[in-house]
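Trainee: After the structure tokens below, expect a handful of questions from me.
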Amino acid sequence: MFSDFAFGIFEACIDAYHVKDRVDQPFENPYPKTEVAHLLYRKNWIDTVQWHYEDLIRDPEIDPVAALELKRKIDASNQDRTDLVEYIDSYFLQKYQSVEVQDGATINTESPAWAIDRLSILALKIYHMREEATRPEAAEAHRQGCQAKLEVLLEQRKDLSTAIDQLLADIEAGRKYMKVYKQMKMYNDEELNPVLREKKQ
């Protein structure tokens, strides 16, 4: 199943990041650029780095200048994340381009790649909740509470994985069809963001 394939890549990526556990570490993709695994690994690396950016920026004693710099890194990361989702959807569009769509076929509320985006984030939640559920120095009540949350996250993974695989099966069979709407981010565009437009003049 594609969901298991993707989740395994996400887990490997998260493990690789935590060897050094630094947001500024160099990125190396172990998969060839011609494989969808390359996109999935890159996607999760962006999510993993951003997860830790979000931790850093919540430091109540963070220097304001450093916080602003970090906020801009988060903005750039969000744009990279969106771009990767579109690349992954392009892979599916190409894969299913010859499928004959059935009469009465319906469109899903989200594309396959946006559902996979949620699975990537869920992999991070599971990793860090498991970490908290087994942290030796944490109080027993804390570990038990995190274990209960972990069980919910694992159930969510099962449900989301089932939904992703069913969606792909429906698209492949022509029961559903997909479209990709390019994300129209306005706040990064000098022509669409009024603040940036004024600075440009």
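Naming works like this for the structure tokens: A, B, ... for the chains as they're shown, residue 1 at the start of each chain, ligands 1 onward in shown order.
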Write out as a CSV table (one decimal) with C-alpha atoms, in the first residue's frame the residues lying within 12 Å of Tyr31 in chain A, counting only C-alpha atoms and excluding same-chain residues fewer than 5 positions away.
Mentor:
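Below is the file around.csv, written as the result:
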```csv
chain,number,residue,atom,x,y,z
A,9,ILE,CA,10.2,6.8,4.3
A,12,ALA,CA,13.5,6.8,8.1
A,13,CYS,CA,13.8,10.6,7.5
A,36,VAL,CA,8.7,9.4,-5.9
A,37,ALA,CA,10.6,8.4,-2.7
A,38,HIS,CA,12.9,11.3,-3.3
A,39,LEU,CA,10.0,13.7,-3.1
A,40,LEU,CA,8.5,12.0,0.0
A,41,TYR,CA,11.8,12.1,1.8
A,42,ARG,CA,12.4,15.7,0.9
```
Trainee: Using only C-alpha atoms, what does the table of range 46-135 of chain A residues within 7 Å of range 156-166 of chain A look like, with each row giving the shortest atom pair and its distance in Å to one decimal, sorted by chain and ascending number, as JSON lines?
Mentor:
```
{"residue": "A:Pro112", "atom": "CA", "partner": "A:Ile164", "partner_atom": "CA", "distance": 6.7}
{"residue": "A:Ala115", "atom": "CA", "partner": "A:Ile164", "partner_atom": "CA", "distance": 6.6}
{"residue": "A:Leu122", "atom": "CA", "partner": "A:Arg157", "partner_atom": "CA", "distance": 7.0}
```
Trainee: Which of these residues is nearest to Lys182 in chain A, using only C-alpha atoms: A:Glu11, A:Asp83, A:Glu28, A:Asp59?
Mentor: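 The answer is A:Asp83, which sits nearest to Lys182 in chain A.
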Trainee: Expressed in Å to a single decimal, how great is the separation between CA of Ala105 in chain A and CA of Tyr181 in chain A?
Mentor: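 Spanning CA of Ala105 in chain A to CA of Tyr181 in chain A is a straight-line distance of 18.6 Å.
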Trainee: If you count only C-alpha atoms, which residues fall within 12 Å of Thr109 in chain A, apart from same-chain ones fewer than 4 positions away, as a PyMOL selection string?
Mentor: chain A and resi 113-115+163+167+176-180
Trainee: Which residue, A:Ala6, A:Ile57, A:Met129, A:Cys146, has the smallest gap to Lys73 in chain A when you use only C-alpha atoms?
Mentor: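 Counting only C-alpha atoms, the residue closest to Lys73 in chain A is A:Ile57.
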Trainee: Hey, which of A:Trp45, A:Asp24, A:Ala123, A:Val99 ends up closest to Gly8 in chain A? Count only C-alpha atoms.
Mentor: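 That would be A:Ala123, the residue with the smallest distance to Gly8 in chain A.
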Trainee: Tell me, in Å to one decimal, how far CA of Gln94 in chain A is from CA of Glu172 in chain A.
Mentor: 11.6 Å
Trainee: What are the DSSP strand (DSSP E or B) residues of chain A, as an mmCIF file with C-alpha atoms, in the first residue's frame?
Mentor:
```cif
data_model
loop_
_atom_site.group_PDB
_atom_site.id
_atom_site.type_symbol
_atom_site.label_atom_id
_atom_site.label_comp_id
_atom_site.auth_asym_id
_atom_site.auth_seq_id
_atom_site.Cartn_x
_atom_site.Cartn_y
_atom_site.Cartn_z
ATOM 1 C CA THR A 106 -16.507 12.437 -8.029
ATOM 2 C CA ILE A 107 -13.680 14.630 -6.838
ATOM 3 C CA LYS A 176 -12.731 9.528 -8.525
ATOM 4 C CA TYR A 177 -10.671 12.074 -10.387
#
```
Trainee: Please determine, counting only C-alpha atoms, which residue among A:Glu54, A:Glu151, A:Asp63, A:Asp89 has the shortest atom-to-atom distance to Asp75 in chain A.
Mentor: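 Residue with the minimum atom-to-atom distance to Asp75 in chain A: A:Glu54.
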Trainee: Given the choices A:Lys20, A:Arg81, A:His128, A:Arg72, which gets closest to Leu153 in chain A if the distance is worked out from only C-alpha atoms?
Mentor: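 Once distances to Leu153 in chain A are computed over only C-alpha atoms, the minimum belongs to A:His128.
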Trainee: Could you state the separation of CA of Arg118 in chain A and CA of Pro26 in chain A in Å, given to one decimal place?
Mentor: 24.6 Å
Trainee: As number ranges by chain, please: all residues of range 91-199 of chain A that backbone DSSP puts in helix (DSSP H, G or I).
Mentor: A: 91-95, 112-133, 140-173, 194-199
